[in-house]
There are 2 protein chains.
Amino acid sequence: MKQTRPIRLEEVAALAGVSTATVSRYLNKPAQVASATGERIRAAVEATGYVPNMMAGALAGNRSRLIAVLVPEIAQSLFNDTVEAMIKELSVEGNNVVLALTGADNARLTSEIEIALSRQVDAIVLTGILSDNEVRRRLQASSATVIETWGLPEDPIDVAVGFSHEAVGKEIARFVQSRGYRRPHLIVPQSQRAVQRASAFAEQWISDGGEAPTQMEVSVPSHFGQGRSSFRALSDLTVPPDVVICGSDWIAQGLIVEAQVAGVRVPDKLAVIGFGNLRLAGDMRPTITSVDVDGGRIAREATRVLKARAQGESIETRIDVGFQIIARESA
Amino acid sequence: MKQTRPIRLEEVAALAGVSTATVSRYLNKPAQVASATGERIRAAVEATGYVPNMMAGALAGNRSRLIAVLVPEIAQSLFNDTVEAMIKELSVEGNNVVLALTGADNARLTSEIEIALSRQVDAIVLTGILSDNEVRRRLQASSATVIETWGLPEDPIDVAVGFSHEAVGKEIARFVQSRGYRRPHLIVPQSQRAVQRASAFAEQWISDGGEAPTQMEVSVPSHFGQGRSSFRALSDLTVPPDVVICGSDWIAQGLIVEAQVAGVRVPDKLAVIGFGNLRLAGDMRPTITSVDVDGGRIAREATRVLKARAQGESIETRIDVGFQIIARESA
DNA sequence: CTGAAAGCGCTTACAG
DNA sequence: CTGAAAGCGCTTACAG
């Protein structure tokens with residue numbers, strides 16, 4: 001390793017017989033360079049094998065082309081599809097994604113924001129809910145675009161791209177009622193948003209004349225094993241449920257497996273609803289009724305916002321990408 | 001957004017009554033600064049709310065503190081635990097991870113390497129196998145540390161931290177034999193390494209006197225649904241298997257679910273072995289026998305290598321972190 | 001359409 | 001232990 005010094009812009013310019021300014025323009029805004037000149041530069045770049053130093057470019061141009069994406073974790077997360085789509089979308093535009101982990105409880109959210117700011121990122125994409133007002137202000141004072149995703153706060157820090165978890169809860173309640181179920185049971189991962197959905201469900205259910213639904217808390221990140229244990233815990237309930245609304249498809253899947261082993265038929269004896277509409281929801285036996293969130297759409301909207309911002313265009317501050325209940329065999 | 005100009009080092013220095021050089025030293029190598037001076041600087045940093053511009057620091061110091069991690073995908077990947085551990089480990093040292101996606105077929109591997117180099121990353125962590133010799137040379141000519149993970153090539157580009165997939169294949173073959181199974185069937189995701197494991201399995205199995213195992217190919221990334229369809233495809237085999245070796249725990253899980261629905265008892269009528277030792281392997285019913293790869297260990301070794309490199313220490317070029325067959329109920 | 005030159009905000013020999 | 005100064009490799013008004 002560590003051999004020859006890399007080629008700089010200056011050497012390309014010398015070879016092409018132009019100034020570094022012109023090479024820089026050719027590389028960044030080719031339309032501003034005469035085509036004959038451009039061709040000479042192109043040849044010089046190729047001949048030298050020039051690779052731009054983006055750190056220098058970032059400092060000089062005050063644009064890092066770095067986007068920080070902050071998620072609780074990635075080992076197994078409902079956000080993964082969104083993050084993947086985001087990385088793909090953004091890299092097309094010449095940006096790179098710095099992925100930071102804030103922990104299942106989002107404990108490292110504010111510190112990771114500080115670090116991202118120090119990195120001079122052009123934008124910060126948040127999935128967690130930021131309650132610290134000082135950091136909120138610091139974020140607003142910075143020149144970075146801040147995109148809150150998955151949620152849809154009343155008063156976004158900057159821009160929000162997501163959907164209403166309250167609406168999801170209410171919609172599921174209506175769905176459950178329309179299917180004729182009478183005794184819903186909720187399995188609620190202790191994340192702010194899952195709790196929000198559960199509350200909204202209960203509210204809607206009760207206002208529609210139902211009894212207050214029973215519910216159980218599980219830790220985050222949610223996983224398959226919780227589904228199994230949750231099924232077993234069902235026998236502790238005085239009122240046996242006829243439908244279980246799970247905070248994630250993983251929980252739903254575990255619940256179904258355990259139910260099958262116990263000889264409880266899904267959905268005949270017990271209906272199950274998941275959340276996230278992961279691939280496995282459609283692949284499971286029985287297939288799992290779930291709530292679809294379009295991660296690709298979130299990523300596209302976020303990218304569009306970033307682009308508009310970079311060009312100084314005005315942008316909406318709340319973009320609702322919606323959600324969809326996908327009815328399948330399990331409920 | 002876009003308010004007041006950020007504080008610079010110069011303003012901190014002025015407030016503390018020292019030069020920018022001293023502030024920079026205090027921030028990066030506090031031991032080189034007198035404690036009284038350091039205290040004044042600390043106070044000045046706090047009073048001004050100074051946030052260092054890491055892009056400038058990177059350019060001046062020729063050290064970006066950026067590590068590129070290249071993986072095929074993250075929606076659902078066996079590498080996720082490793083990537084998560086890597087991000088955690090590295091961020092403790094003040095580094096950030098740029099996550100780049102190379103595609104399930106690794107088609108974007110070389111282009112993402114170019115981009116990472118342009119970013120002046122201190123290190124590139126690869127999970128895919130790099131066969132392009134030119135890029136290999138370019139990588140070696142760069143000053144970036146290159147860490148190949150998960151695999152353990154004979155001749156690493158720079159440093160390799162992983163395990164032998166061939167050894168995994170052979171070890172599974174011995175395990176299967178020791179358990180008395182006679183007719184293994186392999187479900188092989190078409191990734192280079194899964195194919196390597198399958199070949200090694202077959203080789204060992206045959207050299208131990210077994211009949212050539214049957215096998216079926218599935219696409220990457222592997223998933224639950226493939227397990228279900230693979231089970232159904234088993235009936236096409238002229239010789240019904242007594243054990244199925246799956247390329248991932250997701251396949252194994254899908255296979256078990258489908259077997260249960262079909263009334264085939266696991267492991268009594270059909271044993272199943274997974275790969276990856278995901279959390280669900282221990283949570284599934286029956287629990288899944290799998291191969292454990294310690295992602296945390298890989299991340300720690302990689303971090304150790306990076307640190308040693310940064311300090312100019314010499315380092316090993318091949319670090320074998322091993323693997324472990326975890327025998328559970330399914331086989 | 002192009003160039004000379006200033007400047008982005010740091011780090012680091014070098015000298016003391 | 002500390003400072004003056006050069007320099008990292010680009011971008012971008014500004015002027016022509």
# chains A, B, ... in the order shown; residues from 1 in each chain; ligands from 1
call {"tool": "interface_residues", "arguments": {"of": "chain D", "to": "chain A", "cutoff": "8 Å", "atoms": "only C-alpha atoms (C1' of nucleotides)", "output": "NGL selection string"}}
result
:D and (8-12)
call {"tool": "interface_residues", "arguments": {"of": "chain B", "to": "chain A", "cutoff": "7 Å", "atoms": "only C-alpha atoms", "output": "PyMOL selection string"}}
result
chain B and resi 1-3+51-56+58-59+74-75+80-81+84+96-99+118-120+140-143+224-225+280+283
call {"tool": "write_last_selection", "arguments": {"atoms": "C-alpha atoms", "output": "tab-separated table (two decimals), in the first residue's frame"}}
result
chain	number	residue	atom	x	y	z
B	1	MET	CA	-32.38	27.09	8.22
B	2	LYS	CA	-29.09	28.56	7.13
B	3	GLN	CA	-28.52	31.13	9.79
B	51	VAL	CA	-18.14	22.10	16.35
B	52	PRO	CA	-15.09	21.05	14.33
B	53	ASN	CA	-15.41	20.89	10.56
B	54	MET	CA	-14.31	17.35	9.90
B	55	MET	CA	-14.06	17.87	6.16
B	56	ALA	CA	-11.40	20.51	6.68
B	58	ALA	CA	-9.72	15.42	6.85
B	59	LEU	CA	-8.17	17.42	4.05
B	74	ILE	CA	-29.29	-4.80	3.85
B	75	ALA	CA	-33.01	-5.45	3.52
B	80	ASN	CA	-26.29	-7.24	8.97
B	81	ASP	CA	-25.05	-8.30	12.38
B	84	GLU	CA	-24.10	-3.31	12.86
B	96	ASN	CA	-18.11	7.04	10.60
B	97	VAL	CA	-19.27	4.37	8.23
B	98	VAL	CA	-20.32	5.06	4.69
B	99	LEU	CA	-22.55	2.19	3.70
B	118	SER	CA	-12.69	9.29	-4.23
B	119	ARG	CA	-14.11	9.92	-0.78
B	120	GLN	CA	-10.65	9.41	0.65
B	140	GLN	CA	-3.30	-1.77	-3.29
B	141	ALA	CA	-1.84	1.42	-4.69
B	142	SER	CA	-4.15	3.51	-2.53
B	143	SER	CA	-3.34	4.40	1.02
B	224	PHE	CA	-38.29	-17.60	3.78
B	225	GLY	CA	-40.41	-18.19	0.70
B	280	LEU	CA	-34.80	-16.83	14.79
B	283	ASP	CA	-36.50	-19.04	18.52
call {"tool": "atom_distance", "arguments": {"atom1": "atom CA of B:Gly296", "atom2": "atom CA of B:Gly128"}}
result
18.3 Å
call {"tool": "residues_around", "arguments": {"residues": "B:Tyr26", "least_positions_apart": "6", "cutoff": "9 Å", "atoms": "only C-alpha atoms (C1' of nucleotides)", "output": "list of chain:residue names"}}
result
B:Gln32, B:Val33, B:Ala34, B:Thr37, B:Gly38, B:Ile41, B:Arg42
call {"tool": "atom_distance", "arguments": {"atom1": "atom CA of B:Leu90", "atom2": "atom CA of B:Lys29"}}
result
18.8 Å
call {"tool": "decode", "arguments": {"residues": "stretch 133-266 of chain B", "atoms": "C-alpha atoms", "output": "PDB file, in the first residue's frame"}}
result
ATOM      1  CA  ASN B 133      -7.407  -7.443 -11.065  1.00  0.00           C
ATOM      2  CA  GLU B 134      -7.165  -3.854 -12.097  1.00  0.00           C
ATOM      3  CA  VAL B 135      -9.310  -2.660  -9.235  1.00  0.00           C
ATOM      4  CA  ARG B 136      -7.315  -4.905  -6.973  1.00  0.00           C
ATOM      5  CA  ARG B 137      -4.140  -3.126  -7.980  1.00  0.00           C
ATOM      6  CA  ARG B 138      -5.756   0.273  -7.675  1.00  0.00           C
ATOM      7  CA  LEU B 139      -6.800  -0.664  -4.186  1.00  0.00           C
ATOM      8  CA  GLN B 140      -3.301  -1.769  -3.295  1.00  0.00           C
ATOM      9  CA  ALA B 141      -1.845   1.424  -4.694  1.00  0.00           C
ATOM     10  CA  SER B 142      -4.149   3.513  -2.532  1.00  0.00           C
ATOM     11  CA  SER B 143      -3.344   4.397   1.018  1.00  0.00           C
ATOM     12  CA  ALA B 144      -6.633   2.967   2.251  1.00  0.00           C
ATOM     13  CA  THR B 145      -6.619  -0.148   4.355  1.00  0.00           C
ATOM     14  CA  VAL B 146      -8.645  -2.866   2.657  1.00  0.00           C
ATOM     15  CA  ILE B 147     -10.356  -5.418   4.821  1.00  0.00           C
ATOM     16  CA  GLU B 148     -12.003  -8.419   3.251  1.00  0.00           C
ATOM     17  CA  THR B 149     -14.489  -9.985   5.631  1.00  0.00           C
ATOM     18  CA  TRP B 150     -16.463 -13.205   5.950  1.00  0.00           C
ATOM     19  CA  GLY B 151     -14.190 -14.962   3.524  1.00  0.00           C
ATOM     20  CA  LEU B 152     -10.558 -15.884   4.019  1.00  0.00           C
ATOM     21  CA  PRO B 153      -8.797 -15.734   0.637  1.00  0.00           C
ATOM     22  CA  GLU B 154      -5.378 -17.332   0.208  1.00  0.00           C
ATOM     23  CA  ASP B 155      -3.925 -14.063  -0.968  1.00  0.00           C
ATOM     24  CA  PRO B 156      -5.774 -11.112   0.568  1.00  0.00           C
ATOM     25  CA  ILE B 157      -5.732  -7.735  -1.141  1.00  0.00           C
ATOM     26  CA  ASP B 158      -4.530  -6.317   2.144  1.00  0.00           C
ATOM     27  CA  VAL B 159      -6.079  -7.865   5.244  1.00  0.00           C
ATOM     28  CA  ALA B 160      -8.738 -10.558   5.541  1.00  0.00           C
ATOM     29  CA  VAL B 161     -10.896 -11.198   8.592  1.00  0.00           C
ATOM     30  CA  GLY B 162     -13.193 -14.157   8.221  1.00  0.00           C
ATOM     31  CA  PHE B 163     -13.433 -17.892   8.040  1.00  0.00           C
ATOM     32  CA  SER B 164     -13.106 -20.647   5.514  1.00  0.00           C
ATOM     33  CA  HIS B 165     -16.342 -21.489   3.757  1.00  0.00           C
ATOM     34  CA  GLU B 166     -14.720 -24.658   2.577  1.00  0.00           C
ATOM     35  CA  ALA B 167     -14.117 -25.639   6.190  1.00  0.00           C
ATOM     36  CA  VAL B 168     -17.776 -24.940   6.953  1.00  0.00           C
ATOM     37  CA  GLY B 169     -18.897 -27.251   4.151  1.00  0.00           C
ATOM     38  CA  LYS B 170     -16.648 -30.057   5.281  1.00  0.00           C
ATOM     39  CA  GLU B 171     -17.571 -29.619   8.915  1.00  0.00           C
ATOM     40  CA  ILE B 172     -21.273 -29.817   8.139  1.00  0.00           C
ATOM     41  CA  ALA B 173     -20.647 -32.985   6.145  1.00  0.00           C
ATOM     42  CA  ARG B 174     -18.962 -34.565   9.157  1.00  0.00           C
ATOM     43  CA  PHE B 175     -21.733 -33.390  11.427  1.00  0.00           C
ATOM     44  CA  VAL B 176     -24.397 -34.850   9.169  1.00  0.00           C
ATOM     45  CA  GLN B 177     -22.564 -38.116   9.006  1.00  0.00           C
ATOM     46  CA  SER B 178     -22.017 -38.287  12.748  1.00  0.00           C
ATOM     47  CA  ARG B 179     -25.738 -37.893  13.241  1.00  0.00           C
ATOM     48  CA  GLY B 180     -26.352 -40.884  11.039  1.00  0.00           C
ATOM     49  CA  TYR B 181     -28.136 -39.184   8.177  1.00  0.00           C
ATOM     50  CA  ARG B 182     -27.680 -40.920   4.852  1.00  0.00           C
ATOM     51  CA  ARG B 183     -29.252 -38.817   2.141  1.00  0.00           C
ATOM     52  CA  PRO B 184     -28.398 -35.120   2.365  1.00  0.00           C
ATOM     53  CA  HIS B 185     -29.958 -32.575   0.060  1.00  0.00           C
ATOM     54  CA  LEU B 186     -28.491 -29.108  -0.433  1.00  0.00           C
ATOM     55  CA  ILE B 187     -30.364 -25.888  -1.099  1.00  0.00           C
ATOM     56  CA  VAL B 188     -27.769 -23.533  -2.505  1.00  0.00           C
ATOM     57  CA  PRO B 189     -28.195 -19.771  -2.909  1.00  0.00           C
ATOM     58  CA  GLN B 190     -26.196 -18.698  -5.946  1.00  0.00           C
ATOM     59  CA  SER B 191     -23.624 -16.623  -4.158  1.00  0.00           C
ATOM     60  CA  GLN B 192     -19.964 -17.524  -4.526  1.00  0.00           C
ATOM     61  CA  ARG B 193     -19.562 -18.452  -0.924  1.00  0.00           C
ATOM     62  CA  ALA B 194     -22.684 -20.538  -0.553  1.00  0.00           C
ATOM     63  CA  VAL B 195     -21.598 -22.442  -3.642  1.00  0.00           C
ATOM     64  CA  GLN B 196     -18.168 -22.917  -2.077  1.00  0.00           C
ATOM     65  CA  ARG B 197     -19.696 -24.392   1.050  1.00  0.00           C
ATOM     66  CA  ALA B 198     -21.904 -26.713  -0.962  1.00  0.00           C
ATOM     67  CA  SER B 199     -18.997 -28.001  -3.060  1.00  0.00           C
ATOM     68  CA  ALA B 200     -16.884 -28.606  -0.002  1.00  0.00           C
ATOM     69  CA  PHE B 201     -19.774 -30.450   1.610  1.00  0.00           C
ATOM     70  CA  ALA B 202     -20.202 -32.712  -1.397  1.00  0.00           C
ATOM     71  CA  GLU B 203     -16.502 -33.376  -1.637  1.00  0.00           C
ATOM     72  CA  GLN B 204     -16.191 -34.337   2.004  1.00  0.00           C
ATOM     73  CA  TRP B 205     -19.375 -36.370   1.944  1.00  0.00           C
ATOM     74  CA  ILE B 206     -18.273 -38.378  -1.067  1.00  0.00           C
ATOM     75  CA  SER B 207     -14.767 -38.879   0.237  1.00  0.00           C
ATOM     76  CA  ASP B 208     -16.351 -40.280   3.380  1.00  0.00           C
ATOM     77  CA  GLY B 209     -18.120 -42.858   1.258  1.00  0.00           C
ATOM     78  CA  GLY B 210     -21.468 -41.163   0.724  1.00  0.00           C
ATOM     79  CA  GLU B 211     -23.432 -40.919  -2.496  1.00  0.00           C
ATOM     80  CA  ALA B 212     -23.230 -37.562  -4.244  1.00  0.00           C
ATOM     81  CA  PRO B 213     -25.806 -35.368  -2.496  1.00  0.00           C
ATOM     82  CA  THR B 214     -28.726 -33.972  -4.458  1.00  0.00           C
ATOM     83  CA  GLN B 215     -28.997 -30.226  -4.641  1.00  0.00           C
ATOM     84  CA  MET B 216     -31.126 -27.320  -5.778  1.00  0.00           C
ATOM     85  CA  GLU B 217     -30.186 -23.767  -6.620  1.00  0.00           C
ATOM     86  CA  VAL B 218     -32.043 -20.718  -5.345  1.00  0.00           C
ATOM     87  CA  SER B 219     -31.481 -17.058  -6.100  1.00  0.00           C
ATOM     88  CA  VAL B 220     -29.886 -14.527  -3.770  1.00  0.00           C
ATOM     89  CA  PRO B 221     -30.793 -12.941  -1.478  1.00  0.00           C
ATOM     90  CA  SER B 222     -32.248 -16.054   0.055  1.00  0.00           C
ATOM     91  CA  HIS B 223     -35.515 -15.813   1.936  1.00  0.00           C
ATOM     92  CA  PHE B 224     -38.288 -17.603   3.782  1.00  0.00           C
ATOM     93  CA  GLY B 225     -40.414 -18.186   0.702  1.00  0.00           C
ATOM     94  CA  GLN B 226     -37.659 -20.206  -0.936  1.00  0.00           C
ATOM     95  CA  GLY B 227     -37.781 -22.597   1.988  1.00  0.00           C
ATOM     96  CA  ARG B 228     -41.443 -23.260   1.388  1.00  0.00           C
ATOM     97  CA  SER B 229     -41.066 -23.867  -2.327  1.00  0.00           C
ATOM     98  CA  SER B 230     -37.936 -25.908  -1.786  1.00  0.00           C
ATOM     99  CA  PHE B 231     -39.826 -28.264   0.486  1.00  0.00           C
ATOM    100  CA  ARG B 232     -42.455 -28.797  -2.171  1.00  0.00           C
ATOM    101  CA  ALA B 233     -39.773 -29.406  -4.770  1.00  0.00           C
ATOM    102  CA  LEU B 234     -38.409 -32.223  -2.623  1.00  0.00           C
ATOM    103  CA  SER B 235     -41.133 -34.536  -3.911  1.00  0.00           C
ATOM    104  CA  ASP B 236     -39.556 -34.351  -7.372  1.00  0.00           C
ATOM    105  CA  LEU B 237     -36.449 -36.082  -6.141  1.00  0.00           C
ATOM    106  CA  THR B 238     -36.168 -39.776  -6.928  1.00  0.00           C
ATOM    107  CA  VAL B 239     -34.284 -40.311  -3.679  1.00  0.00           C
ATOM    108  CA  PRO B 240     -36.077 -38.588  -0.808  1.00  0.00           C
ATOM    109  CA  PRO B 241     -33.572 -36.894   1.506  1.00  0.00           C
ATOM    110  CA  ASP B 242     -33.448 -37.370   5.255  1.00  0.00           C
ATOM    111  CA  VAL B 243     -31.655 -34.080   5.903  1.00  0.00           C
ATOM    112  CA  VAL B 244     -31.741 -30.758   4.076  1.00  0.00           C
ATOM    113  CA  ILE B 245     -28.798 -28.385   4.364  1.00  0.00           C
ATOM    114  CA  CYS B 246     -30.023 -24.855   3.687  1.00  0.00           C
ATOM    115  CA  GLY B 247     -27.946 -21.873   2.608  1.00  0.00           C
ATOM    116  CA  SER B 248     -29.518 -19.663   5.251  1.00  0.00           C
ATOM    117  CA  ASP B 249     -31.679 -19.841   8.350  1.00  0.00           C
ATOM    118  CA  TRP B 250     -34.491 -18.125   6.471  1.00  0.00           C
ATOM    119  CA  ILE B 251     -34.648 -20.975   3.979  1.00  0.00           C
ATOM    120  CA  ALA B 252     -34.537 -23.473   6.822  1.00  0.00           C
ATOM    121  CA  GLN B 253     -37.374 -21.718   8.589  1.00  0.00           C
ATOM    122  CA  GLY B 254     -39.572 -21.665   5.501  1.00  0.00           C
ATOM    123  CA  LEU B 255     -38.857 -25.308   4.881  1.00  0.00           C
ATOM    124  CA  ILE B 256     -39.870 -26.254   8.401  1.00  0.00           C
ATOM    125  CA  VAL B 257     -43.108 -24.281   8.246  1.00  0.00           C
ATOM    126  CA  GLU B 258     -44.053 -25.953   4.986  1.00  0.00           C
ATOM    127  CA  ALA B 259     -43.081 -29.371   6.319  1.00  0.00           C
ATOM    128  CA  GLN B 260     -45.278 -28.868   9.363  1.00  0.00           C
ATOM    129  CA  VAL B 261     -48.232 -27.867   7.240  1.00  0.00           C
ATOM    130  CA  ALA B 262     -47.676 -30.999   5.150  1.00  0.00           C
ATOM    131  CA  GLY B 263     -47.556 -33.077   8.312  1.00  0.00           C
ATOM    132  CA  VAL B 264     -43.896 -34.011   7.928  1.00  0.00           C
ATOM    133  CA  ARG B 265     -42.268 -33.991  11.340  1.00  0.00           C
ATOM    134  CA  VAL B 266     -38.940 -32.226  11.792  1.00  0.00           C
TER     135      VAL B 266
END
